[in-house]
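*Asks:* Okay, so here is upload12.txt, and as you'll see once you scroll down, it has compact mmCIF, C-alpha atoms and all ligand atoms.
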```
# COMPACT_ATOMS: atom_id res chain seq x y z
CA MET A 1 96.96 71.59 -53.50
CA ASN A 2 99.01 71.21 -56.65
CA SER A 3 99.49 67.78 -58.22
CA LEU A 4 102.79 66.97 -56.49
CA GLN A 5 101.24 67.89 -53.13
CA VAL A 6 98.32 65.57 -53.93
CA LEU A 7 100.74 62.73 -54.70
CA MET A 8 102.71 63.36 -51.51
CA GLU A 9 99.51 63.42 -49.42
CA GLU A 10 98.65 60.06 -50.98
CA HIS A 11 102.11 58.78 -49.98
CA ARG A 12 101.22 59.53 -46.34
CA VAL A 13 97.98 57.51 -46.70
CA ILE A 14 99.88 54.63 -48.34
CA GLU A 15 102.47 54.69 -45.54
CA ARG A 16 99.68 54.24 -42.96
CA ALA A 17 98.28 51.26 -44.88
CA ILE A 18 101.78 49.79 -45.14
CA SER A 19 102.23 50.03 -41.39
CA ALA A 20 98.91 48.18 -41.00
CA LEU A 21 100.08 45.48 -43.42
CA ALA A 22 103.35 45.12 -41.49
CA GLY A 23 101.55 44.87 -38.15
CA TYR A 24 99.01 42.38 -39.49
CA ALA A 25 101.65 40.13 -41.10
CA ARG A 26 103.98 40.18 -38.12
CA ALA A 27 101.17 39.25 -35.71
CA VAL A 28 99.96 36.40 -37.98
CA ALA A 29 103.54 35.16 -38.37
CA CYS A 30 103.72 35.01 -34.57
CA GLY A 31 100.53 32.90 -34.40
CA ALA A 32 97.65 35.41 -34.28
CA ASP A 33 94.52 34.40 -36.21
CA HIS A 34 93.48 37.80 -37.54
CA PRO A 35 90.52 37.77 -39.94
CA ARG A 36 91.35 37.05 -43.59
CA GLN A 37 88.88 39.79 -44.49
CA ASP A 38 91.25 42.39 -43.06
CA LEU A 39 94.01 41.11 -45.33
CA ALA A 40 91.55 41.19 -48.24
CA ASP A 41 90.76 44.84 -47.35
CA LEU A 42 94.48 45.67 -47.25
CA VAL A 43 94.95 44.03 -50.65
CA SER A 44 92.01 45.95 -52.05
CA PHE A 45 93.62 49.20 -50.81
CA LEU A 46 96.98 48.26 -52.38
CA GLN A 47 95.35 47.37 -55.72
CA ASP A 48 92.72 50.08 -56.02
CA TYR A 49 94.38 53.01 -54.25
CA ALA A 50 98.18 52.54 -54.11
CA ASP A 51 98.29 51.04 -57.61
CA SER A 52 95.29 52.04 -59.79
CA HIS A 53 94.68 55.45 -58.22
CA HIS A 54 98.17 56.64 -57.20
CA HIS A 55 100.55 54.79 -59.53
CA GLY A 56 97.96 55.30 -62.26
CA LYS A 57 98.26 59.09 -61.96
CA GLU A 58 102.05 58.84 -61.84
CA GLU A 59 102.40 56.56 -64.86
CA ASP A 60 99.60 57.88 -67.07
CA ILE A 61 100.06 61.58 -66.34
CA LEU A 62 103.19 62.76 -64.48
CA PHE A 63 105.73 60.27 -65.87
CA ARG A 64 104.22 60.51 -69.36
CA VAL A 65 104.57 64.30 -69.38
CA MET A 66 108.16 63.99 -68.08
CA VAL A 67 108.94 61.66 -71.00
CA GLU A 68 107.32 64.13 -73.41
CA HIS A 69 109.78 66.72 -72.05
CA GLY A 70 112.84 64.59 -72.66
CA MET A 71 113.17 62.31 -69.62
CA PRO A 72 114.30 58.82 -70.75
CA VAL A 73 111.97 55.95 -69.88
CA ASP A 74 114.23 53.01 -70.71
CA GLY A 75 116.88 53.95 -68.15
CA GLY A 76 117.40 56.33 -65.23
CA PRO A 77 114.95 57.25 -62.46
CA LEU A 78 111.70 56.66 -64.40
CA ALA A 79 112.74 53.13 -65.40
CA VAL A 80 113.53 52.39 -61.74
CA MET A 81 110.16 53.78 -60.57
CA LEU A 82 108.26 51.74 -63.19
CA ALA A 83 110.15 48.55 -62.28
CA GLU A 84 109.28 49.14 -58.62
CA HIS A 85 105.58 49.60 -59.48
CA ARG A 86 105.72 46.23 -61.29
CA GLU A 87 107.44 44.53 -58.34
CA GLY A 88 104.75 45.99 -56.05
CA ARG A 89 102.07 44.40 -58.26
CA ARG A 90 103.82 41.03 -58.09
CA LEU A 91 103.99 41.12 -54.29
CA THR A 92 100.37 42.32 -54.07
CA SER A 93 99.26 39.33 -56.14
CA VAL A 94 100.97 36.98 -53.64
CA LEU A 95 99.10 38.75 -50.81
CA ALA A 96 95.84 38.52 -52.82
CA GLU A 97 96.26 34.73 -53.18
CA LEU A 98 96.78 34.39 -49.42
CA ALA A 99 93.75 36.60 -48.69
CA ALA A 100 91.54 34.49 -50.99
CA GLU A 101 92.40 31.16 -49.30
CA GLU A 102 89.71 29.93 -46.96
CA SER A 103 91.66 27.34 -45.03
CA GLU A 104 93.37 27.97 -41.69
CA TRP A 105 96.70 29.76 -41.51
CA SER A 106 99.34 27.04 -41.82
CA SER A 107 102.92 27.74 -40.78
CA GLU A 108 103.87 27.78 -44.47
CA ARG A 109 101.18 30.41 -45.25
CA ARG A 110 102.17 32.51 -42.24
CA ARG A 111 105.76 32.50 -43.53
CA ARG A 112 104.70 33.39 -47.10
CA LEU A 113 102.56 36.23 -45.77
CA LEU A 114 105.44 37.65 -43.74
CA LEU A 115 107.86 37.45 -46.67
CA ALA A 116 105.48 39.13 -49.15
CA ALA A 117 104.34 41.77 -46.66
CA MET A 118 107.91 42.56 -45.61
CA GLY A 119 108.99 42.75 -49.25
CA TYR A 120 106.13 45.10 -50.12
CA THR A 121 106.68 47.28 -47.04
CA GLN A 122 110.39 47.73 -47.69
CA LEU A 123 109.87 48.28 -51.42
CA LEU A 124 107.17 50.93 -51.04
CA ARG A 125 108.85 52.80 -48.17
CA SER A 126 112.03 53.23 -50.18
CA HIS A 127 110.07 53.94 -53.40
CA ILE A 128 108.11 56.72 -51.72
CA GLN A 129 111.31 58.27 -50.31
CA LYS A 130 112.90 58.30 -53.77
CA GLU A 131 109.85 60.00 -55.27
CA ASP A 132 109.48 62.55 -52.47
CA ARG A 133 113.18 63.42 -52.31
CA VAL A 134 114.47 62.88 -55.85
CA LEU A 135 111.90 62.31 -58.60
CA TYR A 136 109.31 64.96 -57.72
CA PRO A 137 111.98 67.67 -57.12
CA MET A 138 113.46 66.65 -60.50
CA ALA A 139 110.03 67.09 -62.12
CA THR A 140 109.72 70.53 -60.50
CA GLN A 141 113.06 71.54 -62.00
CA MET A 142 112.58 70.17 -65.51
CA LEU A 143 108.94 70.86 -66.39
CA PRO A 144 107.82 74.28 -67.68
CA GLU A 145 104.71 76.03 -66.37
CA SER A 146 102.65 74.89 -69.40
CA ALA A 147 103.37 71.23 -68.53
CA TRP A 148 102.17 71.77 -64.96
CA GLN A 149 98.93 73.31 -66.25
CA GLN A 150 98.40 70.20 -68.38
CA ILE A 151 99.19 67.89 -65.43
CA GLU A 152 96.82 69.81 -63.12
CA SER A 153 93.98 69.60 -65.60
CA GLU A 154 94.54 65.87 -66.28
CA PHE A 155 94.74 65.18 -62.53
CA SER A 156 91.43 66.97 -61.99
CA ALA A 157 89.74 64.98 -64.76
CA PHE A 158 91.22 61.70 -63.44
CA GLN A 159 90.06 62.36 -59.89
CA ALA A 160 86.63 63.64 -60.82
CA ALA A 161 85.75 60.63 -62.97
CA PRO A 162 83.04 58.63 -61.15
CA PRO A 163 83.25 56.43 -59.18
CA ARG A 164 86.90 57.29 -58.57
CA ALA A 165 86.43 60.18 -56.13
CA GLU A 166 84.04 58.27 -53.85
CA GLN A 167 86.15 55.12 -54.07
CA ALA A 168 89.36 56.98 -53.14
CA ALA A 169 87.69 58.58 -50.11
CA ARG A 170 86.32 55.20 -49.00
CA LEU A 171 89.74 53.54 -49.37
CA GLU A 172 91.42 56.35 -47.39
CA ARG A 173 88.97 55.71 -44.52
CA LEU A 174 89.61 51.97 -44.80
CA ALA A 175 93.40 52.50 -44.58
CA SER A 176 92.99 54.76 -41.58
CA ASN A 177 90.78 52.22 -39.82
CA LEU A 178 93.20 49.34 -40.50
CA ALA A 179 96.17 51.47 -39.39
CA ASP A 180 94.40 52.21 -36.09
CA ARG A 181 93.96 48.48 -35.51
CA TYR A 182 97.19 47.00 -36.83
CA GLY A 183 99.56 49.89 -37.51
CA THR A 184 102.90 50.31 -35.91
CA ASP A 185 105.18 53.34 -35.75
CA GLU A 186 108.23 51.22 -36.35
CA GLU A 187 110.06 52.00 -39.59
CA ALA A 188 111.18 48.43 -40.16
CA MET A 189 109.54 45.11 -39.56
FE FE A 201 105.52 55.55 -57.73
FE FE A 202 104.21 57.59 -55.57
```
Can you give me the file's structure in the form of structure tokens?
*Replies:*
Amino acid sequence: MNSLQVLMEEHRVIERAISALAGYARAVACGADHPRQDLADLVSFLQDYADSHHHGKEEDILFRVMVEHGMPVDGGPLAVMLAEHREGRRLTSVLAELAAEESEWSSERRRRLLLAAMGYTQLLRSHIQKEDRVLYPMATQMLPESAWQQIESEFSAFQAAPPRAEQAARLERLASNLADRYGTDEEAM
């Protein structure tokens, strides 16, 4: 797989975790008392896989190389992608606070969970579509072969660095397990 294929495969994993988050939040909003630990696991996936692992490769490698080849970073598609990564972090921190609380789900917490989870779900689904359909094809068009060789080699080093490879595989299994339990095929909440 080349680096864009790797990123798109990761999008499919993230989409499964998002469907689990949507299913979990909707059920809790309707009164279910699902374990907090499952929300904590979802948050750990969003922080360590969707953000550190996936957005990390985008920001530190792909986007950086695009900027080095003339793509503006203070406006246009890259600025939008970076702003959406930041908004995803903000919503994840709201989810992390809710996961860390030990008290019962109150109606106020159930509502906050639904709002943050819905916000994250909608944000990431549209973000992923923009990258798959617009940004990555743009990168394919604008970057020369030498840039792709550099990206491939930096991706390999990033992914091989311990404990990253084992952690990514563990988080992919976690997302799959949570999606089996809470996931929904519906596109919208
Ligand atoms: Fe992204
Ligand atoms: Fe992405």
*Asks:* Ligand FE 202 (chain A): which residues are within 7 Å, counting only C-alpha atoms and all ligand atoms? Reply as a list in words.
*Replies:*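 Using only C-alpha atoms and all ligand atoms, I find these residues within 7 Å of ligand FE 202 (chain A): Leu7, His11, His54, His55, Glu58, Ile128 and Glu131 of chain A.
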*Asks:* So which residues touch A:Gly88 within 9 Å, counting only C-alpha atoms, skipping near sequence neighbours fewer than 5 positions away, as a ChimeraX atom specification?
*Replies:* /A:46,51,83,93,119-120,123-124
*Asks:* Please write out the residues within 12 Å of ligand FE 201 (chain A) as a CSV table (one decimal) with C-alpha atoms, in the frame of the given file, counting all atoms listed in the file.
*Replies:*
```csv
chain,number,residue,atom,x,y,z
A,4,LEU,CA,102.8,67.0,-56.5
A,7,LEU,CA,100.7,62.7,-54.7
A,8,MET,CA,102.7,63.4,-51.5
A,10,GLU,CA,98.6,60.1,-51.0
A,11,HIS,CA,102.1,58.8,-50.0
A,14,ILE,CA,99.9,54.6,-48.3
A,49,TYR,CA,94.4,53.0,-54.2
A,50,ALA,CA,98.2,52.5,-54.1
A,51,ASP,CA,98.3,51.0,-57.6
A,52,SER,CA,95.3,52.0,-59.8
A,53,HIS,CA,94.7,55.4,-58.2
A,54,HIS,CA,98.2,56.6,-57.2
A,55,HIS,CA,100.6,54.8,-59.5
A,56,GLY,CA,98.0,55.3,-62.3
A,57,LYS,CA,98.3,59.1,-62.0
A,58,GLU,CA,102.0,58.8,-61.8
A,59,GLU,CA,102.4,56.6,-64.9
A,60,ASP,CA,99.6,57.9,-67.1
A,61,ILE,CA,100.1,61.6,-66.3
A,62,LEU,CA,103.2,62.8,-64.5
A,63,PHE,CA,105.7,60.3,-65.9
A,77,PRO,CA,115.0,57.2,-62.5
A,78,LEU,CA,111.7,56.7,-64.4
A,79,ALA,CA,112.7,53.1,-65.4
A,80,VAL,CA,113.5,52.4,-61.7
A,81,MET,CA,110.2,53.8,-60.6
A,82,LEU,CA,108.3,51.7,-63.2
A,83,ALA,CA,110.2,48.6,-62.3
A,84,GLU,CA,109.3,49.1,-58.6
A,85,HIS,CA,105.6,49.6,-59.5
A,86,ARG,CA,105.7,46.2,-61.3
A,87,GLU,CA,107.4,44.5,-58.3
A,88,GLY,CA,104.8,46.0,-56.0
A,89,ARG,CA,102.1,44.4,-58.3
A,123,LEU,CA,109.9,48.3,-51.4
A,124,LEU,CA,107.2,50.9,-51.0
A,125,ARG,CA,108.8,52.8,-48.2
A,126,SER,CA,112.0,53.2,-50.2
A,127,HIS,CA,110.1,53.9,-53.4
A,128,ILE,CA,108.1,56.7,-51.7
A,129,GLN,CA,111.3,58.3,-50.3
A,130,LYS,CA,112.9,58.3,-53.8
A,131,GLU,CA,109.8,60.0,-55.3
A,132,ASP,CA,109.5,62.6,-52.5
A,134,VAL,CA,114.5,62.9,-55.8
A,135,LEU,CA,111.9,62.3,-58.6
A,136,TYR,CA,109.3,65.0,-57.7
```
*Asks:* What gap, in Å, lies between atom CA of A:Ala116 and atom CA of A:Asp74?
*Replies:*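 According to the coordinates, atom CA of A:Ala116 and atom CA of A:Asp74 are separated by 27.1 Å.
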*Asks:* Between A:Asp33, A:Asp48, A:Glu15, A:Glu166, which one has atoms that come closest to A:Ser106, using only C-alpha atoms?
*Replies:*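 When distances to A:Ser106 are compared using only C-alpha atoms, the smallest one comes from A:Asp33.
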*Asks:* Mind giving me the straight-line distance from atom CA of A:Asp41 to atom CA of A:Glu154 in Å, one decimal?
*Replies:* 28.5 Å
*Asks:* Mind giving me the straight-line distance from atom CA of A:Ser19 to atom CA of A:Thr121 in Å, one decimal?
*Replies:*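 Those two atoms sit 7.7 Å apart.
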*Asks:* Rank A:Ile151, A:Ala161, A:Met118, A:Val43 by their smallest atom-to-atom distance to A:Val6, using only C-alpha atoms, and report the top residue only.
*Replies:* A:Ile151
*Asks:* Taking all atoms listed in the file into account, name the residue in A:Glu104, A:Ser44, A:Ala25, A:Met71 that is nearest to A:Leu174.
*Replies:* A:Ser44
*Asks:* Which is closest to A:Val13 among A:Glu108, A:Glu101, A:Glu145, A:Glu172, if we use all atoms listed in the file?
*Replies:*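 Comparing A:Glu108, A:Glu101, A:Glu145, A:Glu172 against A:Val13, the winner is A:Glu172.
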*Asks:* Considering all atoms listed in the file, can you say which of A:Ala168, A:Leu113, A:Leu39, A:Leu143 comes closest to A:Glu68?
*Replies:*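 When distances to A:Glu68 are compared using all atoms listed in the file, the smallest one comes from A:Leu143.
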*Asks:* Between A:Leu95, A:Gln37, A:Ser156, A:Ile18, which residue has the minimum interatomic distance to A:Arg112, considering only C-alpha atoms?
*Replies:*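 Of the candidates, the smallest distance to A:Arg112 is held by A:Leu95.
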*Asks:* Given 4 Å of margin on each side, can you work out the centre and size in Å (one decimal) of an axis-aligned box holding every listed atom of stretch 55-58 of chain A, as lines of an AutoDock Vina configuration file?
*Replies:*
```
center_x = 100.0
center_y = 56.9
center_z = -60.9
size_x = 12.1
size_y = 12.3
size_z = 10.7
```
*Asks:* Could you pull the residues within 10 Å of A:Asp180, counting all atoms listed in the file, minus those fewer than 4 positions along the same chain, as a PyMOL selection string?
*Replies:* chain A and resi 16-17+19-20+174-176+184
